[in-house]
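*Asks:* Got a structure for you, input24.txt, holding compact mmCIF, N, CA and C atoms.
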```
# COMPACT_ATOMS: atom_id res chain seq x y z
N MET K 1 149.02 106.66 123.75
CA MET K 1 150.39 107.12 123.81
C MET K 1 151.13 106.84 122.51
N GLN K 2 150.79 105.75 121.85
CA GLN K 2 151.47 105.39 120.60
C GLN K 2 151.26 106.47 119.52
N SER K 3 150.14 107.10 119.52
CA SER K 3 149.85 108.10 118.49
C SER K 3 150.65 109.38 118.71
N TYR K 4 151.15 109.62 119.92
CA TYR K 4 151.91 110.83 120.21
C TYR K 4 153.40 110.68 119.94
N ILE K 5 153.87 109.48 119.72
CA ILE K 5 155.31 109.25 119.52
C ILE K 5 155.83 110.01 118.30
N PRO K 6 155.17 109.95 117.12
CA PRO K 6 155.69 110.74 115.98
C PRO K 6 155.72 112.24 116.26
N LEU K 7 154.73 112.73 116.98
CA LEU K 7 154.69 114.14 117.33
C LEU K 7 155.86 114.50 118.25
N LEU K 8 156.10 113.65 119.25
CA LEU K 8 157.22 113.89 120.17
C LEU K 8 158.56 113.81 119.44
N GLN K 9 158.69 112.85 118.51
CA GLN K 9 159.94 112.76 117.73
C GLN K 9 160.16 114.04 116.92
N SER K 10 159.12 114.53 116.32
CA SER K 10 159.24 115.76 115.53
C SER K 10 159.64 116.94 116.41
N ILE K 11 159.02 117.03 117.57
CA ILE K 11 159.35 118.11 118.50
C ILE K 11 160.79 118.00 118.96
N LEU K 12 161.25 116.77 119.25
CA LEU K 12 162.64 116.57 119.67
C LEU K 12 163.62 116.94 118.56
N TRP K 13 163.33 116.54 117.32
CA TRP K 13 164.22 116.87 116.21
C TRP K 13 164.28 118.38 116.00
N ILE K 14 163.16 119.04 116.04
CA ILE K 14 163.14 120.50 115.88
C ILE K 14 163.90 121.17 117.02
N SER K 15 163.71 120.68 118.23
CA SER K 15 164.42 121.23 119.40
C SER K 15 165.93 121.04 119.25
N LEU K 16 166.33 119.85 118.81
CA LEU K 16 167.76 119.57 118.62
C LEU K 16 168.36 120.50 117.57
N ILE K 17 167.67 120.66 116.46
CA ILE K 17 168.18 121.52 115.40
C ILE K 17 168.28 122.97 115.86
N LEU K 18 167.25 123.46 116.55
CA LEU K 18 167.29 124.83 117.05
C LEU K 18 168.38 125.02 118.10
N THR K 19 168.57 124.03 118.97
CA THR K 19 169.62 124.10 120.00
C THR K 19 170.99 124.13 119.35
N LEU K 20 171.23 123.25 118.36
CA LEU K 20 172.51 123.23 117.67
C LEU K 20 172.75 124.53 116.92
N ARG K 21 171.70 125.06 116.32
CA ARG K 21 171.84 126.33 115.60
C ARG K 21 172.18 127.45 116.56
N LEU K 22 171.55 127.47 117.72
CA LEU K 22 171.83 128.49 118.72
C LEU K 22 173.25 128.32 119.29
N PHE K 23 173.64 127.07 119.52
CA PHE K 23 174.95 126.79 120.11
C PHE K 23 176.09 127.13 119.13
N PHE K 24 175.89 126.86 117.84
CA PHE K 24 176.93 127.08 116.84
C PHE K 24 176.67 128.32 115.96
N ARG K 25 175.96 129.30 116.49
CA ARG K 25 175.60 130.45 115.66
C ARG K 25 176.82 131.25 115.20
N THR K 26 177.83 131.38 116.02
CA THR K 26 179.02 132.14 115.58
C THR K 26 179.77 131.39 114.48
N GLU K 27 179.87 130.07 114.61
CA GLU K 27 180.55 129.28 113.58
C GLU K 27 179.77 129.30 112.27
N ILE K 28 178.45 129.23 112.37
CA ILE K 28 177.60 129.28 111.17
C ILE K 28 177.75 130.63 110.48
N ALA K 29 177.77 131.71 111.26
CA ALA K 29 177.94 133.04 110.70
C ALA K 29 179.31 133.17 110.03
N LEU K 30 180.34 132.58 110.64
CA LEU K 30 181.68 132.62 110.07
C LEU K 30 181.73 131.88 108.73
N VAL K 31 181.14 130.70 108.68
CA VAL K 31 181.12 129.91 107.44
C VAL K 31 180.34 130.65 106.36
N ARG K 32 179.21 131.24 106.73
CA ARG K 32 178.42 132.01 105.75
C ARG K 32 179.22 133.19 105.23
N GLY K 33 179.95 133.87 106.10
CA GLY K 33 180.77 135.01 105.68
C GLY K 33 181.89 134.60 104.73
N VAL K 34 182.56 133.50 105.06
CA VAL K 34 183.66 133.01 104.22
C VAL K 34 183.13 132.59 102.85
N LEU K 35 182.03 131.83 102.85
CA LEU K 35 181.46 131.40 101.57
C LEU K 35 180.99 132.59 100.74
N SER K 36 180.37 133.55 101.38
CA SER K 36 179.90 134.74 100.68
C SER K 36 181.07 135.50 100.06
N LYS K 37 182.15 135.65 100.82
CA LYS K 37 183.32 136.37 100.32
C LYS K 37 183.96 135.63 99.15
N ARG K 38 184.07 134.31 99.26
CA ARG K 38 184.67 133.52 98.18
C ARG K 38 183.82 133.60 96.92
N LEU K 39 182.51 133.53 97.06
CA LEU K 39 181.64 133.60 95.89
C LEU K 39 181.69 134.98 95.24
N GLU K 40 181.79 136.02 96.05
CA GLU K 40 181.90 137.37 95.50
C GLU K 40 183.19 137.55 94.72
N GLU K 41 184.25 136.87 95.16
CA GLU K 41 185.54 136.95 94.47
C GLU K 41 185.57 136.06 93.24
N GLY K 42 184.58 135.20 93.07
CA GLY K 42 184.51 134.37 91.88
C GLY K 42 185.05 132.97 92.06
N ALA K 43 185.37 132.58 93.26
CA ALA K 43 185.88 131.23 93.49
C ALA K 43 184.74 130.22 93.39
N PRO K 44 184.98 129.09 92.72
CA PRO K 44 183.92 128.09 92.60
C PRO K 44 183.67 127.37 93.93
N PHE K 45 182.43 126.99 94.13
CA PHE K 45 182.03 126.27 95.34
C PHE K 45 181.10 125.15 94.93
N GLU K 46 181.40 123.94 95.39
CA GLU K 46 180.59 122.79 95.02
C GLU K 46 180.18 122.04 96.28
N PHE K 47 178.89 121.81 96.40
CA PHE K 47 178.35 121.06 97.53
C PHE K 47 177.32 120.09 96.98
N GLY K 48 177.73 118.85 96.79
CA GLY K 48 176.85 117.85 96.20
C GLY K 48 176.54 118.21 94.76
N TRP K 49 175.28 118.36 94.44
CA TRP K 49 174.87 118.71 93.08
C TRP K 49 174.88 120.20 92.84
N LEU K 50 175.05 120.99 93.90
CA LEU K 50 175.02 122.45 93.81
C LEU K 50 176.40 122.98 93.46
N LYS K 51 176.51 123.69 92.33
CA LYS K 51 177.78 124.29 91.91
C LYS K 51 177.57 125.80 91.78
N LEU K 52 178.35 126.55 92.54
CA LEU K 52 178.25 128.01 92.52
C LEU K 52 179.60 128.62 92.20
N GLY K 53 179.59 129.81 91.65
CA GLY K 53 180.82 130.55 91.45
C GLY K 53 181.48 130.35 90.11
N GLU K 54 180.98 129.48 89.26
CA GLU K 54 181.59 129.27 87.96
C GLU K 54 180.99 130.20 86.92
N ILE K 55 180.13 131.08 87.34
CA ILE K 55 179.43 131.97 86.41
C ILE K 55 180.41 132.94 85.76
N ARG K 56 181.34 133.47 86.52
CA ARG K 56 182.29 134.44 85.96
C ARG K 56 183.14 133.82 84.86
N LYS K 57 183.60 132.61 85.08
CA LYS K 57 184.41 131.93 84.06
C LYS K 57 183.58 131.71 82.80
N GLU K 58 182.33 131.31 82.98
CA GLU K 58 181.45 131.07 81.84
C GLU K 58 181.17 132.39 81.11
N GLN K 59 180.97 133.48 81.85
CA GLN K 59 180.74 134.77 81.22
C GLN K 59 181.96 135.23 80.43
N GLN K 60 183.15 135.01 80.97
CA GLN K 60 184.37 135.38 80.26
C GLN K 60 184.53 134.57 78.99
N ARG K 61 184.22 133.28 79.05
CA ARG K 61 184.31 132.42 77.87
C ARG K 61 183.31 132.87 76.81
N GLN K 62 182.09 133.18 77.24
CA GLN K 62 181.07 133.62 76.29
C GLN K 62 181.42 134.99 75.70
N ALA K 63 182.02 135.87 76.49
CA ALA K 63 182.42 137.19 75.97
C ALA K 63 183.47 137.02 74.88
N LYS K 64 184.41 136.09 75.06
CA LYS K 64 185.41 135.82 74.02
C LYS K 64 184.74 135.28 72.76
N GLU K 65 183.79 134.38 72.92
CA GLU K 65 183.09 133.82 71.77
C GLU K 65 182.28 134.89 71.04
N ILE K 66 181.64 135.78 71.79
CA ILE K 66 180.86 136.86 71.17
C ILE K 66 181.78 137.78 70.38
N THR K 67 182.94 138.10 70.94
CA THR K 67 183.90 138.94 70.23
C THR K 67 184.33 138.26 68.93
N TRP K 68 184.58 136.97 68.99
CA TRP K 68 184.99 136.21 67.81
C TRP K 68 183.87 136.20 66.76
N VAL K 69 182.64 136.01 67.17
CA VAL K 69 181.50 135.98 66.25
C VAL K 69 181.31 137.36 65.62
N LYS K 70 181.44 138.43 66.42
CA LYS K 70 181.31 139.78 65.87
C LYS K 70 182.37 140.04 64.80
N LEU K 71 183.60 139.59 65.05
CA LEU K 71 184.66 139.75 64.07
C LEU K 71 184.35 138.98 62.80
N LEU K 72 183.88 137.75 62.94
CA LEU K 72 183.52 136.96 61.77
C LEU K 72 182.41 137.61 60.96
N VAL K 73 181.39 138.10 61.64
CA VAL K 73 180.28 138.76 60.95
C VAL K 73 180.77 139.99 60.22
N LYS K 74 181.65 140.74 60.85
CA LYS K 74 182.18 141.94 60.23
C LYS K 74 183.01 141.61 58.99
N LEU K 75 183.76 140.51 59.03
CA LEU K 75 184.60 140.13 57.90
C LEU K 75 183.81 139.48 56.77
N VAL K 76 182.78 138.71 57.09
CA VAL K 76 182.09 137.90 56.09
C VAL K 76 180.91 138.63 55.46
N ILE K 77 180.16 139.40 56.25
CA ILE K 77 178.94 140.03 55.75
C ILE K 77 179.22 141.51 55.50
N SER K 78 178.84 141.98 54.32
CA SER K 78 179.08 143.39 53.97
C SER K 78 178.16 144.29 54.80
N ASP K 79 178.52 145.59 54.82
CA ASP K 79 177.71 146.56 55.55
C ASP K 79 176.29 146.61 54.99
N TYR K 80 176.19 146.49 53.68
CA TYR K 80 174.89 146.53 53.02
C TYR K 80 174.02 145.35 53.46
N GLU K 81 174.61 144.16 53.52
CA GLU K 81 173.87 142.97 53.96
C GLU K 81 173.49 143.09 55.44
N ARG K 82 174.41 143.63 56.25
CA ARG K 82 174.11 143.81 57.67
C ARG K 82 172.96 144.79 57.87
N MET K 83 172.93 145.83 57.04
CA MET K 83 171.83 146.79 57.13
C MET K 83 170.50 146.09 56.83
N HIS K 84 170.49 145.25 55.81
CA HIS K 84 169.27 144.53 55.48
C HIS K 84 168.90 143.54 56.58
N LEU K 85 169.88 142.87 57.16
CA LEU K 85 169.60 141.94 58.26
C LEU K 85 169.02 142.67 59.46
N GLN K 86 169.56 143.84 59.77
CA GLN K 86 169.02 144.62 60.88
C GLN K 86 167.60 145.07 60.57
N ASN K 87 167.35 145.43 59.33
CA ASN K 87 165.98 145.81 58.95
C ASN K 87 165.04 144.63 59.07
N LEU K 88 165.49 143.45 58.64
CA LEU K 88 164.65 142.26 58.76
C LEU K 88 164.37 141.90 60.21
N ALA K 89 165.34 142.14 61.09
CA ALA K 89 165.18 141.80 62.50
C ALA K 89 164.37 142.84 63.26
N SER K 90 164.16 144.01 62.66
CA SER K 90 163.43 145.06 63.38
C SER K 90 161.96 144.70 63.49
N GLU K 91 161.32 145.30 64.46
CA GLU K 91 159.90 145.03 64.74
C GLU K 91 158.98 145.59 63.65
N GLY K 92 159.29 146.78 63.19
CA GLY K 92 158.40 147.46 62.26
C GLY K 92 158.74 147.21 60.81
N PRO K 93 157.97 147.82 59.93
CA PRO K 93 158.25 147.68 58.50
C PRO K 93 159.51 148.46 58.12
N PHE K 94 160.10 148.09 56.99
CA PHE K 94 161.29 148.80 56.54
C PHE K 94 161.24 148.93 55.02
N ILE K 95 162.02 149.84 54.54
CA ILE K 95 162.09 150.07 53.10
C ILE K 95 163.32 149.36 52.57
N ALA K 96 163.12 148.54 51.57
CA ALA K 96 164.22 147.83 50.94
C ALA K 96 164.49 148.45 49.59
N GLU K 97 165.73 148.51 49.25
CA GLU K 97 166.13 149.08 47.98
C GLU K 97 165.98 148.02 46.88
N VAL K 98 164.82 147.95 46.28
CA VAL K 98 164.55 146.95 45.26
C VAL K 98 164.15 147.68 43.98
N HIS K 99 165.10 147.82 43.09
CA HIS K 99 164.84 148.44 41.80
C HIS K 99 165.68 147.71 40.75
N GLN K 100 165.53 148.11 39.52
CA GLN K 100 166.24 147.46 38.43
C GLN K 100 167.75 147.52 38.69
N GLY K 101 168.40 146.36 38.65
CA GLY K 101 169.83 146.30 38.88
C GLY K 101 170.21 146.21 40.35
N SER K 102 169.23 146.13 41.25
CA SER K 102 169.51 146.04 42.68
C SER K 102 170.09 144.67 43.02
N THR K 103 170.93 144.63 44.03
CA THR K 103 171.54 143.37 44.46
C THR K 103 170.77 142.75 45.63
N TYR K 104 169.63 143.32 45.96
CA TYR K 104 168.87 142.86 47.13
C TYR K 104 168.48 141.38 47.01
N GLU K 105 167.92 141.01 45.86
CA GLU K 105 167.50 139.61 45.68
C GLU K 105 168.71 138.69 45.71
N TRP K 106 169.79 139.08 45.08
CA TRP K 106 171.01 138.26 45.09
C TRP K 106 171.52 138.07 46.51
N GLU K 107 171.49 139.15 47.32
CA GLU K 107 171.99 139.07 48.70
C GLU K 107 171.11 138.15 49.55
N LEU K 108 169.80 138.22 49.36
CA LEU K 108 168.92 137.32 50.11
C LEU K 108 169.18 135.88 49.73
N ARG K 109 169.36 135.61 48.44
CA ARG K 109 169.68 134.23 48.01
C ARG K 109 171.02 133.79 48.60
N HIS K 110 171.98 134.72 48.62
CA HIS K 110 173.30 134.43 49.19
C HIS K 110 173.17 134.06 50.69
N LEU K 111 172.36 134.82 51.42
CA LEU K 111 172.17 134.56 52.85
C LEU K 111 171.45 133.23 53.07
N LEU K 112 170.45 132.93 52.23
CA LEU K 112 169.74 131.65 52.36
C LEU K 112 170.67 130.49 52.06
N ARG K 113 171.55 130.65 51.10
CA ARG K 113 172.49 129.59 50.73
C ARG K 113 173.50 129.38 51.87
N ALA K 114 173.84 130.44 52.59
CA ALA K 114 174.81 130.34 53.67
C ALA K 114 174.22 129.62 54.89
N CYS K 115 172.92 129.64 55.05
CA CYS K 115 172.28 129.03 56.22
C CYS K 115 172.25 127.57 56.13
```
Would you give me this structure, written as structure tokens?
*Replies:*
Amino acid sequence: MQSYIPLLQSILWISLILTLRLFFRTEIALVRGVLSKRLEEGAPFEFGWLKLGEIRKEQQRQAKEITWVKLLVKLVISDYERMHLQNLASEGPFIAEVHQGSTYEWELRHLLRAC
């Protein structure tokens, strides 16, 4: 009989949880609906270590930072340098304008110095 006690305890716990879930199913559905609606609206929700709903605020903050960085890049780096940076970032080969009197080497040194 001693060996069956843990099994009986497990069965009782599972039965209790299922009974409570069945008994409070409308309340559980209501709480799930309210939480779902609040999260969809962007309201933060915190339960212990779990934090939900702060994603929209973080996305808005990052969007502002990206706008600021784009403005800085546009003001600081010339169109010619941006074209070369895009070519460098591309997957395939690219043609660089490197001839006598070209500013290509100077621009690369300028970019390396800025880093």
*Asks:* Write out as a PDB file with N, CA and C atoms, in the frame of the given file which residues come within 10 Å of Glu41 (chain K) when counting only C-alpha atoms, dropping same-chain ones fewer than 4 positions away.
*Replies:*
```
ATOM      1  N   LEU K  35     182.030 131.830 102.850  1.00  0.00           N
ATOM      2  CA  LEU K  35     181.460 131.400 101.570  1.00  0.00           C
ATOM      3  C   LEU K  35     180.990 132.590 100.740  1.00  0.00           C
ATOM      4  N   SER K  36     180.370 133.550 101.380  1.00  0.00           N
ATOM      5  CA  SER K  36     179.900 134.740 100.680  1.00  0.00           C
ATOM      6  C   SER K  36     181.070 135.500 100.060  1.00  0.00           C
ATOM      7  N   LYS K  37     182.150 135.650 100.820  1.00  0.00           N
ATOM      8  CA  LYS K  37     183.320 136.370 100.320  1.00  0.00           C
ATOM      9  C   LYS K  37     183.960 135.630  99.150  1.00  0.00           C
ATOM     10  N   GLY K  53     179.590 129.810  91.650  1.00  0.00           N
ATOM     11  CA  GLY K  53     180.820 130.550  91.450  1.00  0.00           C
ATOM     12  C   GLY K  53     181.480 130.350  90.110  1.00  0.00           C
ATOM     13  N   ARG K  56     181.340 133.470  86.520  1.00  0.00           N
ATOM     14  CA  ARG K  56     182.290 134.440  85.960  1.00  0.00           C
ATOM     15  C   ARG K  56     183.140 133.820  84.860  1.00  0.00           C
TER      16      ARG K  56
END
```
*Asks:* Using backbone DSSP assignments, extract all helix (DSSP H, G or I) residues from chain K; output them as a PyMOL selection string.
*Replies:* chain K and resi 2-23+25-41+55-76+79-89+104-114
*Asks:* Set the distance at 12 Å and use only C-alpha atoms: which residues neighbour Met83 (chain K) once local chain neighbours fewer than 4 positions away are removed? I'd like the list as a PDB file with N, CA and C atoms, in the coordinates of the input.
*Replies:*
```pdb
ATOM      1  N   LYS K  74     181.650 140.740  60.850  1.00  0.00           N
ATOM      2  CA  LYS K  74     182.180 141.940  60.230  1.00  0.00           C
ATOM      3  C   LYS K  74     183.010 141.610  58.990  1.00  0.00           C
ATOM      4  N   ILE K  77     180.160 139.400  56.250  1.00  0.00           N
ATOM      5  CA  ILE K  77     178.940 140.030  55.750  1.00  0.00           C
ATOM      6  C   ILE K  77     179.220 141.510  55.500  1.00  0.00           C
ATOM      7  N   SER K  78     178.840 141.980  54.320  1.00  0.00           N
ATOM      8  CA  SER K  78     179.080 143.390  53.970  1.00  0.00           C
ATOM      9  C   SER K  78     178.160 144.290  54.800  1.00  0.00           C
ATOM     10  N   ASP K  79     178.520 145.590  54.820  1.00  0.00           N
ATOM     11  CA  ASP K  79     177.710 146.560  55.550  1.00  0.00           C
ATOM     12  C   ASP K  79     176.290 146.610  54.990  1.00  0.00           C
ATOM     13  N   ASN K  87     167.350 145.430  59.330  1.00  0.00           N
ATOM     14  CA  ASN K  87     165.980 145.810  58.950  1.00  0.00           C
ATOM     15  C   ASN K  87     165.040 144.630  59.070  1.00  0.00           C
ATOM     16  N   LEU K  88     165.490 143.450  58.640  1.00  0.00           N
ATOM     17  CA  LEU K  88     164.650 142.260  58.760  1.00  0.00           C
ATOM     18  C   LEU K  88     164.370 141.900  60.210  1.00  0.00           C
ATOM     19  N   ALA K  89     165.340 142.140  61.090  1.00  0.00           N
ATOM     20  CA  ALA K  89     165.180 141.800  62.500  1.00  0.00           C
ATOM     21  C   ALA K  89     164.370 142.840  63.260  1.00  0.00           C
ATOM     22  N   SER K  90     164.160 144.010  62.660  1.00  0.00           N
ATOM     23  CA  SER K  90     163.430 145.060  63.380  1.00  0.00           C
ATOM     24  C   SER K  90     161.960 144.700  63.490  1.00  0.00           C
ATOM     25  N   PHE K  94     160.100 148.090  56.990  1.00  0.00           N
ATOM     26  CA  PHE K  94     161.290 148.800  56.540  1.00  0.00           C
ATOM     27  C   PHE K  94     161.240 148.930  55.020  1.00  0.00           C
ATOM     28  N   ILE K  95     162.020 149.840  54.540  1.00  0.00           N
ATOM     29  CA  ILE K  95     162.090 150.070  53.100  1.00  0.00           C
ATOM     30  C   ILE K  95     163.320 149.360  52.570  1.00  0.00           C
ATOM     31  N   ALA K  96     163.120 148.540  51.570  1.00  0.00           N
ATOM     32  CA  ALA K  96     164.220 147.830  50.940  1.00  0.00           C
ATOM     33  C   ALA K  96     164.490 148.450  49.590  1.00  0.00           C
ATOM     34  N   GLU K  97     165.730 148.510  49.250  1.00  0.00           N
ATOM     35  CA  GLU K  97     166.130 149.080  47.980  1.00  0.00           C
ATOM     36  C   GLU K  97     165.980 148.020  46.880  1.00  0.00           C
ATOM     37  N   TYR K 104     169.630 143.320  45.960  1.00  0.00           N
ATOM     38  CA  TYR K 104     168.870 142.860  47.130  1.00  0.00           C
ATOM     39  C   TYR K 104     168.480 141.380  47.010  1.00  0.00           C
ATOM     40  N   GLU K 107     171.490 139.150  47.320  1.00  0.00           N
ATOM     41  CA  GLU K 107     171.990 139.070  48.700  1.00  0.00           C
ATOM     42  C   GLU K 107     171.110 138.150  49.550  1.00  0.00           C
TER      43      GLU K 107
END
```
*Asks:* Going by DSSP on the backbone, which bits of chain K are strand (DSSP E)? Write them as a ChimeraX atom specification, please.
*Replies:* /K:45-47,50-52
*Asks:* For the selection just defined, write its residues with N, CA and C atoms to a file, as a short mmCIF file (atom, residue, chain, number, x, y, z; two decimals), keeping the file's coordinate frame.
*Replies:*
```
data_model
loop_
_atom_site.label_atom_id
_atom_site.label_comp_id
_atom_site.auth_asym_id
_atom_site.auth_seq_id
_atom_site.Cartn_x
_atom_site.Cartn_y
_atom_site.Cartn_z
N PHE K 45 182.43 126.99 94.13
CA PHE K 45 182.03 126.27 95.34
C PHE K 45 181.10 125.15 94.93
N GLU K 46 181.40 123.94 95.39
CA GLU K 46 180.59 122.79 95.02
C GLU K 46 180.18 122.04 96.28
N PHE K 47 178.89 121.81 96.40
CA PHE K 47 178.35 121.06 97.53
C PHE K 47 177.32 120.09 96.98
N LEU K 50 175.05 120.99 93.90
CA LEU K 50 175.02 122.45 93.81
C LEU K 50 176.40 122.98 93.46
N LYS K 51 176.51 123.69 92.33
CA LYS K 51 177.78 124.29 91.91
C LYS K 51 177.57 125.80 91.78
N LEU K 52 178.35 126.55 92.54
CA LEU K 52 178.25 128.01 92.52
C LEU K 52 179.60 128.62 92.20
#
```
*Asks:* So how many Å separate atom C of Gly48 (chain K) and atom N of Phe23 (chain K), to one decimal?
*Replies:*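 Atom C of Gly48 (chain K) sits 26.5 Å away from atom N of Phe23 (chain K).
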*Asks:* Have a look at CA of Gly42 (chain K) and atom N of Glu58 (chain K) and let me know their distance in Å, one decimal.
*Replies:*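 Answer for the CA of Gly42 (chain K) to atom N of Glu58 (chain K) separation: 9.7 Å.
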*Asks:* As an exercise, work out the distance from atom C of Leu108 (chain K) to CA of Glu81 (chain K) in Å and give it to one decimal place.
*Replies:*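 Rounded to one decimal, the two atoms are 9.5 Å apart.
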